[in-house]
Amino acid sequence: MTNNLITLLITLVCFICFYNSLENGFVHDDIFAIVNNKDILPNTSVWNIFYNDFWGRTLIDSKSHKSFRPLCTLTFRFDYMVFGLNPFGYHLVNVLLHILVCNVLFQVLRDIVLFDTKLSLMATILFATHPVHVEAVTGVVGRADVLSCLFVLLAFKAYHKYLATTQKDVFFTSDLLIAVAYGTSTFFIKEHSVMIFFVLIGYDALHNKQCVASMFTGGIHSSTKHMQTRFFKRIGLLLVWFLALFRYRMHLMNYTLPKFKLEDNPASFSPHLQTRILTYLYLLIFNLKLLLSPNVLCYDWQIGSIPLVDTLSDIRNLETLFGLSFLVITGVNLLTWVFKRQSKEDSYDNHALAIGLFFLVIPFLPASNFFIRVGFVVAERILYIPRLYPPHSSSHNNLGTLLQNDQPGVAEYHFNEAIKHTPGHYRAMFNIAHIYRSRGEYEKACDILKTCLSLKPTYFDAKLLLADSLNELGRAAESIKLYQMLHKEHQDNYQVNHNFAAILQKQGYQKEAINIYSNLLTKDPKNENILNKLATVYKKAGNNEMAVTLYQRAILAHPKSSKAYQNLALLYYERREFQKSRDLYEKLMQISPNAEHKRNYAIVLFALREHREAIRLVDGNIQEQPSDMQSHHLLINFLVDTQEYQKGKVAIERALKISPGDQRVLLFKANILRNTKSYAEAIKIYRHLIHKNGRNMDALINLGTIYHIQTTS
């Protein structure tokens with residue numbers, strides 16, 4: 001196969017595996033690293049990403065997880081400049097990066113590790129399609145792992161070229177500097193990938209195994225001594241540079257380590273040394289099992305998802321013993337190979353095995369818990385580099401979020417549980433306020449939102465919901481005051497502007513609402529919603545000509561959308577320009593001939609005295625949807641207005657079969673009985689309606705009219 005064909009095959013395989021991720025949204029950590037992270041916004045200083053963690057919090061903050069990945073955040077910033085917050089673009093970049101990684105991996109395997117095109121292609125296809133890599137590619141924050149893998153492979157490739165092509169008397173070359181630059185880049189992308197420097201040291205030792213072996217066997221010659229000197233110089237350079245990077249990282253974190261909670265990594269909080277050691281060792285083997293048999297995968301192994309190994313009698317210790325024995329035996333065999341001369345075929349096999357172990361073991365060491373506590377139990381994302389806990393508040397909050405629409409009562413319970421276990425859980429407070437507001441409990445929603453904002457004063461979504469809840473509660477002045485603050489802080493935010501203008505319009509501040517809507521329209525001249533909203537405000541302000549102009553603009557910009565047609569047709573009807581209204585409804589019938597539009601069209605036709613066509617149109621609605629009571633009401637009204645009382649009676653009886661207690665239909669029936677002088681039956685119905693609703697003015701007036709007729713006749 002040609003190189004181009006191999007590249008195409010690898011690209012197609014990667015794309016076929018992950019193209020469906022392009023439809024995904026932002027989930028879990030994506031929300032914090034991207035949606036809520038101000039560091040990716042163009043109006044935020046780009047230098048912030050070199051002082052803040054992956055989530056936008058300053059590294060010296062005690063609450064920071066110290067995840068320092070500025071180059072990855074920088075790619076999110078570029079994504080935002082191109083795609084805004086459309087997740088499609090972010091997922092597309094992840095898939096493209098995975099394709100690039102797989103193609104570079106093939107080159108490394110073919111040219112440095114396996115020296116066999118077919119075998120290298122098979123290994124690359126396995127890597128490209130391995131299920132354990134799903135989270136790294138499909139989760140946007142997984143880009144840190146994909147991107148760091150790319151730079152790890154590039155660093156390894158450059159260092160191999162340096163060792164293979166550099167002349168004996170030359171030390172510094174462009175290849176060495178490129179390898180160090182790539183390795184340094186990994187430091188700014190994902191924490192554990194900086195271990196590439198130790199991978200390079202291991203590979204250097206492997207590449208010069210005779211020199212290394214001679215240090216232990218004692219057979220030092222002048223040529224070997226020169227090689228050893230150069231070897232130690234290279235190792236020294238890599239170690240010194242690594243230590244410099246490590247010190248810089250600690251300086252950024254103010255020499256403090258991240259603070260994790262029990263649910264993040266239960267084993268590390270165990271007071272028993274035996275439990276910690278046995279669990280850590282088992283987790284090493286558990287990760288290895290995921291690579292060999294990924295039959296159980298999870299996006300966030302936490303809490304009790306993997307029970308602690310407390311005793312020596314735990315059956316899982318056998319898995320640990322078997323796995324560690326395999327690694328130890330493999331390591332011993334490799335050391336034996338270093339000190340013994342073997343056949344070329346065996347040499348190639350051991351060469352590939354050694355490099356594989358370097359990439360499997362060394363980058364994993366920072367995640368092993370043996371050197372530093374980490375914030376996870378198992379993280380499949382870190383394997384991208386080749387190789388209900390009841391008190392958990394976040395679990396309750398996440399479960400409540402999932403159930404919020406379908407089972408609000410159960411969701412409310414879980415939000416309260418989250419608050420009970422973490423009294424300062426402001427996100428759960430915000431979510432429960434949403435439920436209160438949806439039930440019309442605006443006072444309760446406002447109270448809990450105020451508590452939420454006392455804990456998180458900058459919580460934008462909570463301020464927005466509070467402003468809306470205050471407005472629903474009738475406290476318009478407070479709502480407007482809060483929106484004024486939000487508008488000042490977030491002048492370009494569409495939702496703030498839109499909601500603020502809607503409230504101003506509702507409270508009669510038409511001029512102010514017009515100003516805000518107009519400003520939005522200058523930024524997005526074809527926005528259908530704003531065109532319609534602004535037209536409606538002008539209409540309420542009495543400027544019908546401007547309203548007509550804006551509705552017409554909306555129709556031109558969105559000729560297949562029904563909203564502007566409906567609004568403009570209604571405006572013409574209210575101005576008694578019935579023919580213009582009819583013309584619009586005829587176009588609307590071609591775009592969206594639904595029941596509501598047909599009813600409104602019928603009203604216009606009736607106003608034009610086209611009674612037969614209006615009645616036919618509404619009756620057609622009823623034939624298509626017998627339960628459409630609005631069409632029943634309209635048809636009966638038409639028949640009464642045209643004094644077709646007999647047909648009206650038939651229509652009334654048909655409607656009452658659908659809804660026997662419908663007060664409007666009963667009122668129509670009583671009115672027809674009154675008009676046909678069947679007073680006794682009419683009185684009976686009017687009294688029934690008044691009994692049901694003592695403020696039914698139509699029934700009261702008509703009943704009074706009958707009594708007046710009876711007393712004066």
# chains A, B, ... in the order shown; residues from 1 in each chain; ligands from 1

$ select_by_dssp --residues "range 389-633 of chain A" --states "alpha helix (DSSP H)" --output "PyMOL selection string"
chain A and resi 393-403+408-421+426-438+442-455+460-472+476-489+494-506+510-523+528-540+544-557+563-574+578-591+595-607+611-624+629-633

$ closest_atom_pairs --of "range 79-176 of chain A" --to "range 28-52 of chain A" --cutoff "12 Å" --atoms "only C-alpha atoms" --output "CSV"
residue,atom,partner,partner_atom,distance
A:Asp79,CA,A:Ile40,CA,8.6
A:Tyr80,CA,A:Ile40,CA,6.8
A:Met81,CA,A:Pro42,CA,7.1
A:Val82,CA,A:Pro42,CA,10.9
A:Phe83,CA,A:Leu41,CA,11.8
A:Gly84,CA,A:Leu41,CA,9.1
A:Leu85,CA,A:Val35,CA,7.1
A:Asn86,CA,A:Val35,CA,10.1
A:Pro87,CA,A:Asp30,CA,9.7
A:Tyr90,CA,A:Ile34,CA,9.8
A:His91,CA,A:Asp30,CA,11.0
A:Glu135,CA,A:His28,CA,11.5
A:Ala136,CA,A:Asp30,CA,12.0
A:Thr138,CA,A:Asp30,CA,10.8
A:Gly139,CA,A:Asp30,CA,7.3
A:Val140,CA,A:Asp30,CA,6.1
A:Val141,CA,A:Asp30,CA,5.7
A:Gly142,CA,A:Asp30,CA,9.0
A:Arg143,CA,A:Asp30,CA,10.5
A:Ala144,CA,A:Ala33,CA,11.1

$ write_last_selection --atoms "N, CA, C and O atoms" --output "tab-separated table (two decimals), in the first residue's frame"
chain	number	residue	atom	x	y	z
A	79	ASP	N	-11.30	27.91	18.97
A	79	ASP	CA	-12.60	27.33	18.59
A	79	ASP	C	-13.72	28.33	18.79
A	79	ASP	O	-14.62	28.46	17.95
A	80	TYR	N	-13.66	29.04	19.92
A	80	TYR	CA	-14.72	30.01	20.21
A	80	TYR	C	-14.74	31.14	19.17
A	80	TYR	O	-15.80	31.61	18.78
A	81	MET	N	-13.55	31.56	18.73
A	81	MET	CA	-13.48	32.61	17.72
A	81	MET	C	-14.13	32.18	16.42
A	81	MET	O	-14.71	32.99	15.69
A	82	VAL	N	-14.06	30.87	16.11
A	82	VAL	CA	-14.60	30.36	14.85
A	82	VAL	C	-16.04	29.88	15.00
A	82	VAL	O	-16.91	30.19	14.17
A	83	PHE	N	-16.31	29.13	16.07
A	83	PHE	CA	-17.61	28.45	16.21
A	83	PHE	C	-18.51	29.03	17.29
A	83	PHE	O	-19.66	28.59	17.41
A	84	GLY	N	-18.01	30.02	18.05
A	84	GLY	CA	-18.81	30.48	19.18
A	84	GLY	C	-18.94	29.35	20.17
A	84	GLY	O	-17.97	28.69	20.52
A	85	LEU	N	-20.16	29.13	20.65
A	85	LEU	CA	-20.41	28.02	21.57
A	85	LEU	C	-21.19	26.90	20.88
A	85	LEU	O	-21.95	26.17	21.52
A	86	ASN	N	-20.99	26.79	19.57
A	86	ASN	CA	-21.59	25.67	18.83
A	86	ASN	C	-20.71	24.44	19.04
A	86	ASN	O	-19.58	24.39	18.56
A	87	PRO	N	-21.20	23.42	19.76
A	87	PRO	CA	-20.34	22.27	20.11
A	87	PRO	C	-19.85	21.48	18.90
A	87	PRO	O	-18.85	20.78	18.99
A	90	TYR	N	-16.17	22.18	18.12
A	90	TYR	CA	-15.23	21.66	19.11
A	90	TYR	C	-15.05	20.15	18.93
A	90	TYR	O	-13.93	19.64	19.01
A	91	HIS	N	-16.16	19.44	18.68
A	91	HIS	CA	-16.07	18.00	18.46
A	91	HIS	C	-15.33	17.69	17.15
A	91	HIS	O	-14.58	16.72	17.08
A	135	GLU	N	-13.92	8.33	25.41
A	135	GLU	CA	-14.09	9.55	26.21
A	135	GLU	C	-13.10	10.63	25.81
A	135	GLU	O	-13.44	11.81	25.75
A	136	ALA	N	-11.86	10.21	25.52
A	136	ALA	CA	-10.84	11.19	25.16
A	136	ALA	C	-11.19	11.93	23.88
A	136	ALA	O	-10.90	13.12	23.74
A	138	THR	N	-14.52	11.91	22.24
A	138	THR	CA	-15.88	12.45	22.16
A	138	THR	C	-16.17	13.51	23.21
A	138	THR	O	-17.06	14.34	23.01
A	139	GLY	N	-15.47	13.49	24.33
A	139	GLY	CA	-15.61	14.56	25.32
A	139	GLY	C	-14.67	15.70	24.94
A	139	GLY	O	-13.48	15.46	24.73
A	140	VAL	N	-15.17	16.90	24.86
A	140	VAL	CA	-14.34	18.00	24.37
A	140	VAL	C	-13.12	18.21	25.27
A	140	VAL	O	-12.01	18.43	24.78
A	141	VAL	N	-13.30	18.09	26.60
A	141	VAL	CA	-12.15	18.28	27.49
A	141	VAL	C	-11.12	17.17	27.31
A	141	VAL	O	-9.96	17.32	27.70
A	142	GLY	N	-11.52	16.05	26.69
A	142	GLY	CA	-10.57	15.00	26.38
A	142	GLY	C	-9.52	15.43	25.39
A	142	GLY	O	-8.53	14.72	25.18
A	143	ARG	N	-9.71	16.60	24.78
A	143	ARG	CA	-8.72	17.12	23.84
A	143	ARG	C	-7.35	17.25	24.50
A	143	ARG	O	-6.32	17.10	23.83
A	144	ALA	N	-7.32	17.51	25.79
A	144	ALA	CA	-6.03	17.63	26.48
A	144	ALA	C	-5.22	16.35	26.32
A	144	ALA	O	-4.00	16.39	26.10

$ closest_residue --among "A:Ala164, A:Asn3, A:Ala155, A:Leu571" --to "Arg110 in chain A" --atoms "only C-alpha atoms"
A:Asn3

$ residues_around --residues "Lys657 in chain A" --least-positions-apart "4" --cutoff "12 Å" --atoms "only C-alpha atoms" --output "PDB file with C-alpha atoms, in the first residue's frame"
ATOM      1  CA  PRO A 626     -63.186  17.041  16.567  1.00  0.00           C
ATOM      2  CA  SER A 627     -61.770  18.079  19.965  1.00  0.00           C
ATOM      3  CA  MET A 629     -63.234  23.533  20.866  1.00  0.00           C
ATOM      4  CA  HIS A 632     -66.512  24.779  17.565  1.00  0.00           C
ATOM      5  CA  VAL A 650     -76.847  21.187  15.300  1.00  0.00           C
ATOM      6  CA  ALA A 651     -73.346  22.618  15.752  1.00  0.00           C
ATOM      7  CA  ILE A 652     -74.026  23.216  19.457  1.00  0.00           C
ATOM      8  CA  GLU A 653     -75.174  19.658  20.088  1.00  0.00           C
ATOM      9  CA  GLY A 661     -69.945  21.430  30.339  1.00  0.00           C
ATOM     10  CA  ASP A 662     -68.388  24.001  27.977  1.00  0.00           C
ATOM     11  CA  VAL A 665     -71.242  26.571  24.002  1.00  0.00           C
ATOM     12  CA  LEU A 666     -73.966  26.563  26.641  1.00  0.00           C
TER      13      LEU A 666
END

$ closest_residue --among "A:Val108, A:Leu324, A:Ala128, A:Glu23" --to "Leu92 in chain A" --atoms "only C-alpha atoms"
A:Glu23

$ closest_residue --among "A:Ala535, A:Leu308, A:Ile355, A:Ala462" --to "Gln274 in chain A" --atoms "only C-alpha atoms"
A:Leu308

$ atom_distance --atom1 "CA of Phe76 in chain A" --atom2 "CA of Val146 in chain A"
13.6 Å
